[in-house]
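Engineer: My file is structure-v7.txt. It has compact mmCIF, N, CA and C atoms and all ligand atoms:
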# COMPACT_ATOMS: atom_id res chain seq x y z
N MET A 1 -11.64 3.13 15.09
CA MET A 1 -11.55 2.41 16.38
C MET A 1 -11.36 0.92 16.13
N PRO A 2 -10.44 0.30 16.89
CA PRO A 2 -10.33 -1.15 16.76
C PRO A 2 -11.60 -1.84 17.22
N VAL A 3 -11.87 -3.01 16.66
CA VAL A 3 -13.12 -3.71 16.95
C VAL A 3 -13.03 -4.50 18.25
N SER A 4 -11.85 -5.00 18.57
CA SER A 4 -11.78 -6.08 19.56
C SER A 4 -11.53 -5.64 20.98
N GLY A 5 -11.23 -4.39 21.23
CA GLY A 5 -10.87 -4.00 22.59
C GLY A 5 -9.43 -4.28 22.93
N LEU A 6 -8.62 -4.72 21.97
CA LEU A 6 -7.21 -4.99 22.22
C LEU A 6 -6.34 -3.77 21.89
N GLY A 7 -6.97 -2.69 21.47
CA GLY A 7 -6.21 -1.50 21.11
C GLY A 7 -5.88 -1.49 19.64
N PRO A 8 -5.27 -0.39 19.17
CA PRO A 8 -4.89 -0.32 17.76
C PRO A 8 -3.79 -1.33 17.45
N TYR A 9 -3.66 -1.65 16.16
CA TYR A 9 -2.64 -2.62 15.77
C TYR A 9 -1.26 -2.07 16.10
N ASP A 10 -0.45 -2.90 16.74
CA ASP A 10 0.91 -2.52 17.14
C ASP A 10 1.91 -3.24 16.23
N ASP A 11 2.54 -2.46 15.37
CA ASP A 11 3.49 -2.98 14.39
C ASP A 11 4.67 -3.72 15.03
N ALA A 12 4.87 -3.50 16.33
CA ALA A 12 6.02 -4.12 17.01
C ALA A 12 5.65 -5.47 17.61
N ASN A 13 4.40 -5.93 17.43
CA ASN A 13 4.05 -7.22 18.04
C ASN A 13 4.89 -8.34 17.39
N ILE A 14 5.02 -9.43 18.15
CA ILE A 14 5.98 -10.48 17.78
C ILE A 14 5.67 -11.11 16.42
N PHE A 15 4.38 -11.25 16.08
CA PHE A 15 4.06 -11.87 14.80
C PHE A 15 4.29 -10.90 13.64
N ALA A 16 4.11 -9.61 13.86
CA ALA A 16 4.46 -8.63 12.83
C ALA A 16 5.96 -8.70 12.55
N ARG A 17 6.74 -8.90 13.59
CA ARG A 17 8.19 -8.97 13.42
C ARG A 17 8.60 -10.26 12.71
N ILE A 18 7.88 -11.34 12.98
CA ILE A 18 8.14 -12.59 12.24
C ILE A 18 7.78 -12.39 10.76
N LEU A 19 6.63 -11.75 10.50
CA LEU A 19 6.21 -11.50 9.11
C LEU A 19 7.24 -10.68 8.35
N ARG A 20 7.85 -9.71 9.02
CA ARG A 20 8.85 -8.86 8.36
C ARG A 20 10.22 -9.53 8.27
N GLY A 21 10.35 -10.72 8.85
CA GLY A 21 11.62 -11.44 8.81
C GLY A 21 12.61 -10.95 9.84
N GLU A 22 12.15 -10.14 10.79
CA GLU A 22 13.05 -9.62 11.82
C GLU A 22 13.33 -10.65 12.91
N LEU A 23 12.40 -11.59 13.07
CA LEU A 23 12.56 -12.68 14.03
C LEU A 23 12.39 -13.99 13.27
N PRO A 24 13.12 -15.02 13.68
CA PRO A 24 13.02 -16.30 12.97
C PRO A 24 11.75 -17.07 13.34
N CYS A 25 11.37 -17.97 12.45
CA CYS A 25 10.30 -18.92 12.79
C CYS A 25 10.58 -20.20 12.02
N ARG A 26 9.94 -21.29 12.47
CA ARG A 26 10.03 -22.55 11.72
C ARG A 26 8.82 -22.61 10.80
N LYS A 27 9.03 -22.10 9.57
CA LYS A 27 7.93 -21.95 8.62
C LYS A 27 7.47 -23.30 8.10
N VAL A 28 6.15 -23.48 8.05
CA VAL A 28 5.62 -24.71 7.45
C VAL A 28 4.82 -24.43 6.18
N TYR A 29 4.43 -23.19 5.97
CA TYR A 29 3.61 -22.88 4.77
C TYR A 29 3.59 -21.35 4.61
N GLU A 30 3.51 -20.92 3.34
CA GLU A 30 3.33 -19.48 3.08
C GLU A 30 2.65 -19.31 1.74
N ASP A 31 1.71 -18.41 1.66
CA ASP A 31 1.15 -18.00 0.37
C ASP A 31 0.83 -16.51 0.44
N ASP A 32 0.04 -16.01 -0.50
CA ASP A 32 -0.23 -14.57 -0.54
C ASP A 32 -1.00 -14.07 0.68
N TYR A 33 -1.71 -14.98 1.34
CA TYR A 33 -2.62 -14.57 2.40
C TYR A 33 -2.14 -14.90 3.80
N ALA A 34 -1.27 -15.88 3.91
CA ALA A 34 -0.98 -16.43 5.23
C ALA A 34 0.45 -16.92 5.35
N LEU A 35 0.94 -16.90 6.58
CA LEU A 35 2.20 -17.53 6.95
C LEU A 35 1.89 -18.50 8.09
N ALA A 36 2.42 -19.71 8.01
CA ALA A 36 2.21 -20.70 9.07
C ALA A 36 3.55 -21.17 9.58
N PHE A 37 3.64 -21.30 10.92
CA PHE A 37 4.92 -21.69 11.53
C PHE A 37 4.63 -22.41 12.85
N ASP A 38 5.61 -23.20 13.30
CA ASP A 38 5.46 -23.95 14.55
C ASP A 38 5.35 -22.99 15.73
N ASP A 39 4.44 -23.32 16.65
CA ASP A 39 4.36 -22.58 17.91
C ASP A 39 5.63 -22.82 18.72
N ILE A 40 6.12 -21.78 19.36
CA ILE A 40 7.39 -21.89 20.11
C ILE A 40 7.22 -22.75 21.37
N ALA A 41 6.00 -22.89 21.85
CA ALA A 41 5.72 -23.69 23.06
C ALA A 41 4.58 -24.65 22.75
N PRO A 42 4.88 -25.71 21.98
CA PRO A 42 3.80 -26.57 21.47
C PRO A 42 3.02 -27.26 22.58
N GLN A 43 1.72 -27.32 22.40
CA GLN A 43 0.84 -27.98 23.37
C GLN A 43 0.24 -29.27 22.82
N ALA A 44 0.76 -29.74 21.70
CA ALA A 44 0.37 -31.00 21.08
C ALA A 44 1.53 -31.38 20.17
N PRO A 45 1.60 -32.66 19.73
CA PRO A 45 2.70 -33.05 18.84
C PRO A 45 2.80 -32.15 17.60
N VAL A 46 1.66 -31.75 17.07
CA VAL A 46 1.64 -30.72 16.03
C VAL A 46 0.92 -29.50 16.60
N HIS A 47 1.60 -28.36 16.62
CA HIS A 47 0.98 -27.10 17.07
C HIS A 47 1.53 -26.00 16.18
N VAL A 48 0.71 -25.63 15.22
CA VAL A 48 1.12 -24.64 14.21
C VAL A 48 0.24 -23.41 14.34
N LEU A 49 0.85 -22.26 14.13
CA LEU A 49 0.11 -20.99 14.11
C LEU A 49 0.00 -20.53 12.66
N VAL A 50 -1.20 -20.08 12.29
CA VAL A 50 -1.40 -19.53 10.95
C VAL A 50 -1.82 -18.08 11.14
N ILE A 51 -1.10 -17.18 10.48
CA ILE A 51 -1.39 -15.74 10.65
C ILE A 51 -1.63 -15.10 9.28
N PRO A 52 -2.58 -14.17 9.23
CA PRO A 52 -2.75 -13.42 7.98
C PRO A 52 -1.60 -12.44 7.79
N LYS A 53 -1.37 -12.05 6.54
CA LYS A 53 -0.29 -11.10 6.25
C LYS A 53 -0.73 -9.66 6.44
N THR A 54 -1.99 -9.49 6.78
CA THR A 54 -2.55 -8.15 6.97
C THR A 54 -2.59 -7.81 8.46
N PRO A 55 -2.54 -6.50 8.79
CA PRO A 55 -2.43 -6.09 10.20
C PRO A 55 -3.78 -6.03 10.92
N HIS A 56 -4.18 -7.16 11.49
CA HIS A 56 -5.43 -7.22 12.25
C HIS A 56 -5.14 -7.72 13.65
N VAL A 57 -5.67 -7.03 14.65
CA VAL A 57 -5.32 -7.38 16.03
C VAL A 57 -5.97 -8.66 16.51
N SER A 58 -7.11 -9.03 15.93
CA SER A 58 -7.88 -10.14 16.49
C SER A 58 -8.79 -10.73 15.43
N PHE A 59 -9.45 -11.85 15.80
CA PHE A 59 -10.46 -12.42 14.92
C PHE A 59 -11.57 -11.41 14.67
N ALA A 60 -12.02 -10.74 15.71
CA ALA A 60 -13.13 -9.79 15.54
C ALA A 60 -12.75 -8.69 14.54
N ASP A 61 -11.55 -8.17 14.70
CA ASP A 61 -11.06 -7.12 13.79
C ASP A 61 -10.94 -7.66 12.37
N PHE A 62 -10.36 -8.86 12.24
CA PHE A 62 -10.18 -9.47 10.91
C PHE A 62 -11.53 -9.68 10.22
N ALA A 63 -12.48 -10.27 10.96
CA ALA A 63 -13.79 -10.58 10.38
C ALA A 63 -14.54 -9.32 9.98
N ALA A 64 -14.37 -8.26 10.76
CA ALA A 64 -15.15 -7.04 10.52
C ALA A 64 -14.53 -6.14 9.47
N THR A 65 -13.20 -6.19 9.31
CA THR A 65 -12.57 -5.16 8.48
C THR A 65 -11.74 -5.69 7.31
N ALA A 66 -11.40 -6.98 7.28
CA ALA A 66 -10.61 -7.48 6.15
C ALA A 66 -11.52 -7.69 4.94
N PRO A 67 -11.00 -7.46 3.73
CA PRO A 67 -11.79 -7.75 2.53
C PRO A 67 -12.15 -9.23 2.45
N ALA A 68 -13.28 -9.50 1.81
CA ALA A 68 -13.78 -10.87 1.72
C ALA A 68 -12.73 -11.81 1.11
N GLU A 69 -12.00 -11.33 0.09
CA GLU A 69 -10.99 -12.18 -0.55
C GLU A 69 -9.87 -12.55 0.44
N THR A 70 -9.52 -11.60 1.28
CA THR A 70 -8.47 -11.84 2.28
C THR A 70 -8.92 -12.88 3.30
N ILE A 71 -10.18 -12.76 3.74
CA ILE A 71 -10.73 -13.71 4.71
C ILE A 71 -10.80 -15.11 4.09
N ALA A 72 -11.32 -15.17 2.87
CA ALA A 72 -11.43 -16.48 2.21
C ALA A 72 -10.05 -17.08 1.98
N GLY A 73 -9.11 -16.26 1.51
CA GLY A 73 -7.76 -16.75 1.25
C GLY A 73 -7.09 -17.25 2.51
N PHE A 74 -7.32 -16.53 3.59
CA PHE A 74 -6.70 -16.93 4.86
C PHE A 74 -7.23 -18.28 5.33
N PHE A 75 -8.56 -18.43 5.35
CA PHE A 75 -9.11 -19.68 5.88
C PHE A 75 -8.84 -20.86 4.94
N ALA A 76 -8.75 -20.59 3.65
CA ALA A 76 -8.33 -21.65 2.73
C ALA A 76 -6.90 -22.09 3.07
N ALA A 77 -6.07 -21.12 3.43
CA ALA A 77 -4.68 -21.44 3.79
C ALA A 77 -4.64 -22.30 5.05
N VAL A 78 -5.48 -21.99 6.03
CA VAL A 78 -5.51 -22.80 7.27
C VAL A 78 -5.78 -24.26 6.91
N ALA A 79 -6.77 -24.48 6.07
CA ALA A 79 -7.12 -25.85 5.67
C ALA A 79 -5.97 -26.50 4.88
N LYS A 80 -5.32 -25.72 4.02
CA LYS A 80 -4.19 -26.28 3.25
C LYS A 80 -3.06 -26.70 4.17
N VAL A 81 -2.79 -25.90 5.18
CA VAL A 81 -1.71 -26.24 6.12
C VAL A 81 -2.04 -27.56 6.81
N ALA A 82 -3.26 -27.70 7.32
CA ALA A 82 -3.64 -28.93 8.02
C ALA A 82 -3.52 -30.13 7.09
N LYS A 83 -3.93 -29.95 5.85
CA LYS A 83 -3.83 -31.05 4.89
C LYS A 83 -2.37 -31.38 4.61
N GLN A 84 -1.56 -30.34 4.38
CA GLN A 84 -0.13 -30.54 4.10
C GLN A 84 0.55 -31.28 5.25
N LEU A 85 0.09 -31.04 6.47
CA LEU A 85 0.69 -31.68 7.64
C LEU A 85 0.17 -33.10 7.86
N GLY A 86 -0.73 -33.55 6.98
CA GLY A 86 -1.24 -34.92 7.08
C GLY A 86 -2.28 -35.10 8.17
N LEU A 87 -2.94 -34.02 8.53
CA LEU A 87 -3.85 -34.08 9.68
C LEU A 87 -5.30 -34.35 9.30
N GLU A 88 -5.61 -34.34 8.00
CA GLU A 88 -7.02 -34.44 7.63
C GLU A 88 -7.63 -35.77 8.04
N GLU A 89 -6.92 -36.84 7.78
CA GLU A 89 -7.49 -38.17 8.06
C GLU A 89 -7.63 -38.42 9.57
N PRO A 90 -6.56 -38.22 10.36
CA PRO A 90 -6.74 -38.45 11.79
C PRO A 90 -7.58 -37.36 12.46
N GLY A 91 -7.58 -36.18 11.88
CA GLY A 91 -8.35 -35.07 12.45
C GLY A 91 -7.47 -34.09 13.20
N TYR A 92 -8.00 -32.93 13.43
CA TYR A 92 -7.23 -31.85 14.09
C TYR A 92 -8.21 -30.84 14.66
N ARG A 93 -7.67 -29.92 15.43
CA ARG A 93 -8.50 -28.84 16.02
C ARG A 93 -7.93 -27.50 15.59
N ILE A 94 -8.80 -26.56 15.25
CA ILE A 94 -8.37 -25.17 15.07
C ILE A 94 -8.99 -24.34 16.18
N LEU A 95 -8.24 -23.30 16.56
CA LEU A 95 -8.67 -22.47 17.69
C LEU A 95 -8.14 -21.05 17.48
N ALA A 96 -8.97 -20.07 17.78
CA ALA A 96 -8.50 -18.68 17.77
C ALA A 96 -8.92 -18.03 19.08
N ASN A 97 -7.96 -17.61 19.86
CA ASN A 97 -8.26 -16.88 21.09
C ASN A 97 -8.55 -15.43 20.73
N MET A 98 -9.64 -14.92 21.25
CA MET A 98 -10.07 -13.54 20.92
C MET A 98 -10.27 -12.78 22.22
N GLY A 99 -9.33 -11.88 22.51
CA GLY A 99 -9.48 -10.97 23.65
C GLY A 99 -9.10 -11.58 24.99
N HIS A 100 -9.42 -10.82 26.02
CA HIS A 100 -8.88 -11.09 27.36
C HIS A 100 -9.43 -12.38 27.97
N HIS A 101 -10.71 -12.63 27.88
CA HIS A 101 -11.27 -13.85 28.48
C HIS A 101 -10.68 -15.11 27.85
N ALA A 102 -10.27 -15.01 26.61
CA ALA A 102 -9.69 -16.17 25.92
C ALA A 102 -8.17 -16.22 26.05
N HIS A 103 -7.59 -15.28 26.81
CA HIS A 103 -6.13 -15.22 27.02
C HIS A 103 -5.38 -15.00 25.72
N GLN A 104 -5.91 -14.18 24.82
CA GLN A 104 -5.14 -13.84 23.63
C GLN A 104 -3.90 -13.07 24.05
N GLU A 105 -2.72 -13.62 23.72
CA GLU A 105 -1.46 -13.00 24.14
C GLU A 105 -0.87 -12.11 23.07
N VAL A 106 -0.97 -12.54 21.83
CA VAL A 106 -0.31 -11.81 20.75
C VAL A 106 -1.37 -11.05 19.94
N PRO A 107 -1.24 -9.71 19.87
CA PRO A 107 -2.29 -8.91 19.23
C PRO A 107 -2.14 -8.81 17.71
N HIS A 108 -1.98 -9.99 17.09
CA HIS A 108 -2.05 -10.14 15.63
C HIS A 108 -2.88 -11.40 15.43
N PHE A 109 -4.02 -11.28 14.75
CA PHE A 109 -4.93 -12.43 14.61
C PHE A 109 -4.17 -13.68 14.19
N HIS A 110 -4.48 -14.79 14.84
CA HIS A 110 -3.85 -16.06 14.48
C HIS A 110 -4.77 -17.21 14.81
N VAL A 111 -4.62 -18.28 14.04
CA VAL A 111 -5.34 -19.52 14.28
C VAL A 111 -4.32 -20.58 14.69
N HIS A 112 -4.63 -21.28 15.78
CA HIS A 112 -3.81 -22.42 16.18
C HIS A 112 -4.35 -23.67 15.48
N ILE A 113 -3.45 -24.52 15.01
CA ILE A 113 -3.80 -25.86 14.55
C ILE A 113 -3.13 -26.86 15.50
N PHE A 114 -3.96 -27.71 16.10
CA PHE A 114 -3.45 -28.76 17.01
C PHE A 114 -3.73 -30.12 16.40
N GLY A 115 -2.78 -31.05 16.52
CA GLY A 115 -3.01 -32.40 16.03
C GLY A 115 -1.87 -33.30 16.41
N GLY A 116 -1.88 -34.50 15.83
CA GLY A 116 -0.81 -35.45 16.06
C GLY A 116 -1.11 -36.44 17.16
N ARG A 117 -2.21 -36.25 17.87
CA ARG A 117 -2.69 -37.25 18.85
C ARG A 117 -4.17 -36.98 19.07
N LYS A 118 -4.83 -37.94 19.73
CA LYS A 118 -6.23 -37.73 20.08
C LYS A 118 -6.27 -36.63 21.14
N LEU A 119 -6.99 -35.58 20.86
CA LEU A 119 -7.00 -34.41 21.73
C LEU A 119 -8.01 -34.59 22.85
N GLY A 120 -7.81 -33.86 23.93
CA GLY A 120 -8.66 -34.00 25.10
C GLY A 120 -9.87 -33.10 25.07
N ALA A 121 -10.31 -32.74 26.25
CA ALA A 121 -11.53 -31.95 26.39
C ALA A 121 -11.40 -30.63 25.62
N MET A 122 -12.51 -30.12 25.16
CA MET A 122 -12.48 -28.93 24.31
C MET A 122 -12.00 -27.69 25.07
N LEU A 123 -12.42 -27.54 26.31
CA LEU A 123 -12.05 -26.35 27.07
C LEU A 123 -11.39 -26.74 28.38
N ALA A 124 -10.40 -25.95 28.76
CA ALA A 124 -9.77 -26.18 30.07
C ALA A 124 -10.17 -25.05 31.01
P1 LIG B 201 -2.56 -16.73 21.95
O1 LIG B 201 -2.68 -16.95 23.43
O2 LIG B 201 -2.31 -15.27 21.63
O3 LIG B 201 -3.70 -17.31 21.19
O4 LIG B 201 -1.32 -17.58 21.48
C1 LIG B 201 -0.07 -17.04 21.20
C2 LIG B 201 0.84 -18.20 20.88
O5 LIG B 201 2.02 -17.68 20.32
C3 LIG B 201 1.24 -19.06 22.08
O6 LIG B 201 0.86 -20.41 21.85
C4 LIG B 201 2.77 -18.90 22.15
O7 LIG B 201 3.45 -20.08 22.52
C5 LIG B 201 3.12 -18.46 20.74
N1 LIG B 201 4.30 -17.61 20.63
C6 LIG B 201 4.60 -16.53 21.40
N2 LIG B 201 5.75 -15.97 21.00
C7 LIG B 201 6.18 -16.71 19.94
C8 LIG B 201 7.33 -16.62 19.11
O8 LIG B 201 8.18 -15.74 19.23
N3 LIG B 201 7.45 -17.55 18.13
C9 LIG B 201 6.53 -18.54 17.95
N4 LIG B 201 6.74 -19.40 16.96
N5 LIG B 201 5.44 -18.65 18.73
C10 LIG B 201 5.27 -17.75 19.72
Transcribe the structure of this file into structure tokens.
Ligand code: 5GP

Structural biologist:
Amino acid sequence: MPVSGLGPYDDANIFARILRGELPCRKVYEDDYALAFDDIAPQAPVHVLVIPKTPHVSFADFAATAPAETIAGFFAAVAKVAKQLGLEEPGYRILANMGHHAHQEVPHFHVHIFGGRKLGAMLA
């Protein structure tokens, strides 16, 4: 059973298709654990999505079922992307929407990185 209530992993989701190279993306980083690319509808001057290469529908699913090495590798990649983008000194925000109340749209776990300006209130 999936952990998050989003249903079983759907191989046809948009990020799975980007991972397979079936759809284009503006890649900013890739390693064994993660792929990072610009969000198609940026909400800050820098808005990058970081996705694991493994099929997990949500943060809850990823945290509960991915091997520890995969989780560590993924979050290390998130930090590397932010650093590579020059965001460490000015600062940045990471965010993961999990499930319906958080408006998770794409059922492949992903972390948003926002930066490039002083960000506003934490929640809208
Ligand atoms: P969520 O609400 O699931 O946390 O965020 C999904 C994000 O994926 C949104 O910010 C949306 O703009 C982005 N997105 C949706 N479809 C595509 C796509 O085809 N390419 C890219 N690069 N981003 C997408």

Engineer: If you count only C-alpha atoms and all ligand atoms, which residues end up within 6 Å of ligand LIG 201 (chain B), as a tab-separated table (two decimals) with N, CA and C atoms, keeping the file's coordinate frame?

Structural biologist:
chain	number	residue	atom	x	y	z
A	14	ILE	N	5.02	-9.43	18.15
A	14	ILE	CA	5.98	-10.48	17.78
A	14	ILE	C	5.67	-11.11	16.42
A	25	CYS	N	11.37	-17.97	12.45
A	25	CYS	CA	10.30	-18.92	12.79
A	25	CYS	C	10.58	-20.20	12.02
A	38	ASP	N	5.61	-23.20	13.30
A	38	ASP	CA	5.46	-23.95	14.55
A	38	ASP	C	5.35	-22.99	15.73
A	39	ASP	N	4.44	-23.32	16.65
A	39	ASP	CA	4.36	-22.58	17.91
A	39	ASP	C	5.63	-22.82	18.72
A	40	ILE	N	6.12	-21.78	19.36
A	40	ILE	CA	7.39	-21.89	20.11
A	40	ILE	C	7.22	-22.75	21.37
A	41	ALA	N	6.00	-22.89	21.85
A	41	ALA	CA	5.72	-23.69	23.06
A	41	ALA	C	4.58	-24.65	22.75
A	97	ASN	N	-7.96	-17.61	19.86
A	97	ASN	CA	-8.26	-16.88	21.09
A	97	ASN	C	-8.55	-15.43	20.73
A	103	HIS	N	-7.59	-15.28	26.81
A	103	HIS	CA	-6.13	-15.22	27.02
A	103	HIS	C	-5.38	-15.00	25.72
A	104	GLN	N	-5.91	-14.18	24.82
A	104	GLN	CA	-5.14	-13.84	23.63
A	104	GLN	C	-3.90	-13.07	24.05
A	105	GLU	N	-2.72	-13.62	23.72
A	105	GLU	CA	-1.46	-13.00	24.14
A	105	GLU	C	-0.87	-12.11	23.07
A	106	VAL	N	-0.97	-12.54	21.83
A	106	VAL	CA	-0.31	-11.81	20.75
A	106	VAL	C	-1.37	-11.05	19.94

Engineer: When you look at A:Val46 with a cut-off of 8 Å (counting only N, CA and C atoms), what residues show up, excluding the ones that are within fewer than 3 positions of it in the same chain? I need them as a PyMOL selection string.

Structural biologist: chain A and resi 38-39+42-43+49+112-117

Engineer: Can you measure atom N of A:Arg26 to atom N of A:Ile51 for me? One decimal in Å is fine.

Structural biologist: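 Separation of atom N of A:Arg26 and atom N of A:Ile51: 11.9 Å.
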
Engineer: Using all atoms listed in the file, give me every residue within 6 Å of (2.5, -25.7, 7.4) in file coordinates, as a ChimeraX atom specification.

Structural biologist: /A:27-29,36-37,81,85

Engineer: Show me, as a ChimeraX atom specification, the residues that have an atom within 6 Å of A:Pro52 when counting all atoms listed in the file, minus same-chain residues fewer than 3 positions from it.

Structural biologist: /A:33-35,109-110

Engineer: Determine which residues of chain A receive a DSSP assignment of strand (DSSP E or B), computed from the backbone, and state them as a ChimeraX atom specification.

Structural biologist: /A:27-30,34-38,46-52,93-95,111-115

Engineer: Between A:Ile94, A:His100, A:Lys53, A:Ala63, which is the closest to A:Asp31 once you count only N, CA and C atoms?

Structural biologist: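 Going through A:Ile94, A:His100, A:Lys53, A:Ala63 one by one, the smallest distance to A:Asp31 is for A:Lys53.
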
Engineer: Quick one: distance from atom N of A:Ala12 to atom C of A:Pro45 in Å, one decimal?

Structural biologist: 28.8 Å

Engineer: Can you measure atom CA of A:Asp11 to atom CA of A:Ala102 for me? One decimal in Å is fine.

Structural biologist: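 Taking atom CA of A:Asp11 as the start and atom CA of A:Ala102 as the end point, the length is 21.9 Å.
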
Engineer: Once DSSP has gone over the backbone, tell me which residues of stretch 74-121 of chain A are in helix (DSSP H, G or I), as a VMD selection string.

Structural biologist: chain A and resid 74 to 84

Engineer: My list of candidates is A:Val111, A:Met98, A:Leu19, A:Leu119. Which is closest to A:Val50 when distances are computed with all atoms listed in the file?

Structural biologist: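 So, comparing all the options, the nearest one is A:Val111.
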
Engineer: Please list as a PDB file with N, CA and C atoms, in the coordinates of the input every residue within 8 Å of A:Val57, counting all atoms listed in the file and excluding residues in the same chain fewer than 2 positions away.

Structural biologist:
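Contents of the output file out12.pdb:
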ATOM      1  N   PRO A   2     -10.440   0.300  16.890  1.00  0.00           N
ATOM      2  CA  PRO A   2     -10.330  -1.150  16.760  1.00  0.00           C
ATOM      3  C   PRO A   2     -11.600  -1.840  17.220  1.00  0.00           C
ATOM      4  N   VAL A   3     -11.870  -3.010  16.660  1.00  0.00           N
ATOM      5  CA  VAL A   3     -13.120  -3.710  16.950  1.00  0.00           C
ATOM      6  C   VAL A   3     -13.030  -4.500  18.250  1.00  0.00           C
ATOM      7  N   SER A   4     -11.850  -5.000  18.570  1.00  0.00           N
ATOM      8  CA  SER A   4     -11.780  -6.080  19.560  1.00  0.00           C
ATOM      9  C   SER A   4     -11.530  -5.640  20.980  1.00  0.00           C
ATOM     10  N   LEU A   6      -8.620  -4.720  21.970  1.00  0.00           N
ATOM     11  CA  LEU A   6      -7.210  -4.990  22.220  1.00  0.00           C
ATOM     12  C   LEU A   6      -6.340  -3.770  21.890  1.00  0.00           C
ATOM     13  N   GLY A   7      -6.970  -2.690  21.470  1.00  0.00           N
ATOM     14  CA  GLY A   7      -6.210  -1.500  21.110  1.00  0.00           C
ATOM     15  C   GLY A   7      -5.880  -1.490  19.640  1.00  0.00           C
ATOM     16  N   PRO A   8      -5.270  -0.390  19.170  1.00  0.00           N
ATOM     17  CA  PRO A   8      -4.890  -0.320  17.760  1.00  0.00           C
ATOM     18  C   PRO A   8      -3.790  -1.330  17.450  1.00  0.00           C
ATOM     19  N   TYR A   9      -3.660  -1.650  16.160  1.00  0.00           N
ATOM     20  CA  TYR A   9      -2.640  -2.620  15.770  1.00  0.00           C
ATOM     21  C   TYR A   9      -1.260  -2.070  16.100  1.00  0.00           C
ATOM     22  N   ASP A  10      -0.450  -2.900  16.740  1.00  0.00           N
ATOM     23  CA  ASP A  10       0.910  -2.520  17.140  1.00  0.00           C
ATOM     24  C   ASP A  10       1.910  -3.240  16.230  1.00  0.00           C
ATOM     25  N   THR A  54      -1.990  -9.490   6.780  1.00  0.00           N
ATOM     26  CA  THR A  54      -2.550  -8.150   6.970  1.00  0.00           C
ATOM     27  C   THR A  54      -2.590  -7.810   8.460  1.00  0.00           C
ATOM     28  N   PRO A  55      -2.540  -6.500   8.790  1.00  0.00           N
ATOM     29  CA  PRO A  55      -2.430  -6.090  10.200  1.00  0.00           C
ATOM     30  C   PRO A  55      -3.780  -6.030  10.920  1.00  0.00           C
ATOM     31  N   PHE A  59      -9.450 -11.850  15.800  1.00  0.00           N
ATOM     32  CA  PHE A  59     -10.460 -12.420  14.920  1.00  0.00           C
ATOM     33  C   PHE A  59     -11.570 -11.410  14.670  1.00  0.00           C
ATOM     34  N   ALA A  60     -12.020 -10.740  15.710  1.00  0.00           N
ATOM     35  CA  ALA A  60     -13.130  -9.790  15.540  1.00  0.00           C
ATOM     36  C   ALA A  60     -12.750  -8.690  14.540  1.00  0.00           C
ATOM     37  N   ASP A  61     -11.550  -8.170  14.700  1.00  0.00           N
ATOM     38  CA  ASP A  61     -11.060  -7.120  13.790  1.00  0.00           C
ATOM     39  C   ASP A  61     -10.940  -7.660  12.370  1.00  0.00           C
ATOM     40  N   PHE A  62     -10.360  -8.860  12.240  1.00  0.00           N
ATOM     41  CA  PHE A  62     -10.180  -9.470  10.910  1.00  0.00           C
ATOM     42  C   PHE A  62     -11.530  -9.680  10.220  1.00  0.00           C
ATOM     43  N   MET A  98      -9.640 -14.920  21.250  1.00  0.00           N
ATOM     44  CA  MET A  98     -10.070 -13.540  20.920  1.00  0.00           C
ATOM     45  C   MET A  98     -10.270 -12.780  22.220  1.00  0.00           C
ATOM     46  N   GLY A  99      -9.330 -11.880  22.510  1.00  0.00           N
ATOM     47  CA  GLY A  99      -9.480 -10.970  23.650  1.00  0.00           C
ATOM     48  C   GLY A  99      -9.100 -11.580  24.990  1.00  0.00           C
ATOM     49  N   VAL A 106      -0.970 -12.540  21.830  1.00  0.00           N
ATOM     50  CA  VAL A 106      -0.310 -11.810  20.750  1.00  0.00           C
ATOM     51  C   VAL A 106      -1.370 -11.050  19.940  1.00  0.00           C
ATOM     52  N   PRO A 107      -1.240  -9.710  19.870  1.00  0.00           N
ATOM     53  CA  PRO A 107      -2.290  -8.910  19.230  1.00  0.00           C
ATOM     54  C   PRO A 107      -2.140  -8.810  17.710  1.00  0.00           C
ATOM     55  N   HIS A 108      -1.980  -9.990  17.090  1.00  0.00           N
ATOM     56  CA  HIS A 108      -2.050 -10.140  15.630  1.00  0.00           C
ATOM     57  C   HIS A 108      -2.880 -11.400  15.430  1.00  0.00           C
ATOM     58  N   PHE A 109      -4.020 -11.280  14.750  1.00  0.00           N
ATOM     59  CA  PHE A 109      -4.930 -12.430  14.610  1.00  0.00           C
ATOM     60  C   PHE A 109      -4.170 -13.680  14.190  1.00  0.00           C
ATOM     61  N   HIS A 110      -4.480 -14.790  14.840  1.00  0.00           N
ATOM     62  CA  HIS A 110      -3.850 -16.060  14.480  1.00  0.00           C
ATOM     63  C   HIS A 110      -4.770 -17.210  14.810  1.00  0.00           C
TER      64      HIS A 110
END

Engineer: Determine, counting only C-alpha atoms, which protein, DNA and RNA residues have an atom within 12 Å of an atom of A:Lys83; residues of the same chain fewer than 4 positions away are not included. Present the result as a list in words.

Structural biologist: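 The filter keeps Val28, Tyr29, Ala76, Ala77, Val78, Ala79, Leu87, Glu88, Glu89, Pro90, Gly91, Tyr92, Ile113 and Gly115 of chain A.
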
Engineer: Please write a file for stretch 21-32 of chain A, taken from the block I just shared, that holds C-alpha atoms and is laid out as an mmCIF file, in the first residue's frame.

Structural biologist:
data_model
loop_
_atom_site.group_PDB
_atom_site.id
_atom_site.type_symbol
_atom_site.label_atom_id
_atom_site.label_comp_id
_atom_site.auth_asym_id
_atom_site.auth_seq_id
_atom_site.Cartn_x
_atom_site.Cartn_y
_atom_site.Cartn_z
ATOM 1 C CA GLY A 21 14.091 11.761 -21.196
ATOM 2 C CA GLU A 22 10.672 11.611 -22.853
ATOM 3 C CA LEU A 23 9.967 15.244 -21.972
ATOM 4 C CA PRO A 24 12.512 18.076 -21.961
ATOM 5 C CA CYS A 25 13.643 20.022 -18.927
ATOM 6 C CA ARG A 26 16.153 22.775 -18.188
ATOM 7 C CA LYS A 27 18.570 20.649 -16.179
ATOM 8 C CA VAL A 28 20.681 22.345 -13.541
ATOM 9 C CA TYR A 29 22.188 19.318 -11.776
ATOM 10 C CA GLU A 30 22.238 15.518 -11.934
ATOM 11 C CA ASP A 31 23.919 12.762 -9.956
ATOM 12 C CA ASP A 32 23.189 9.140 -9.031
#
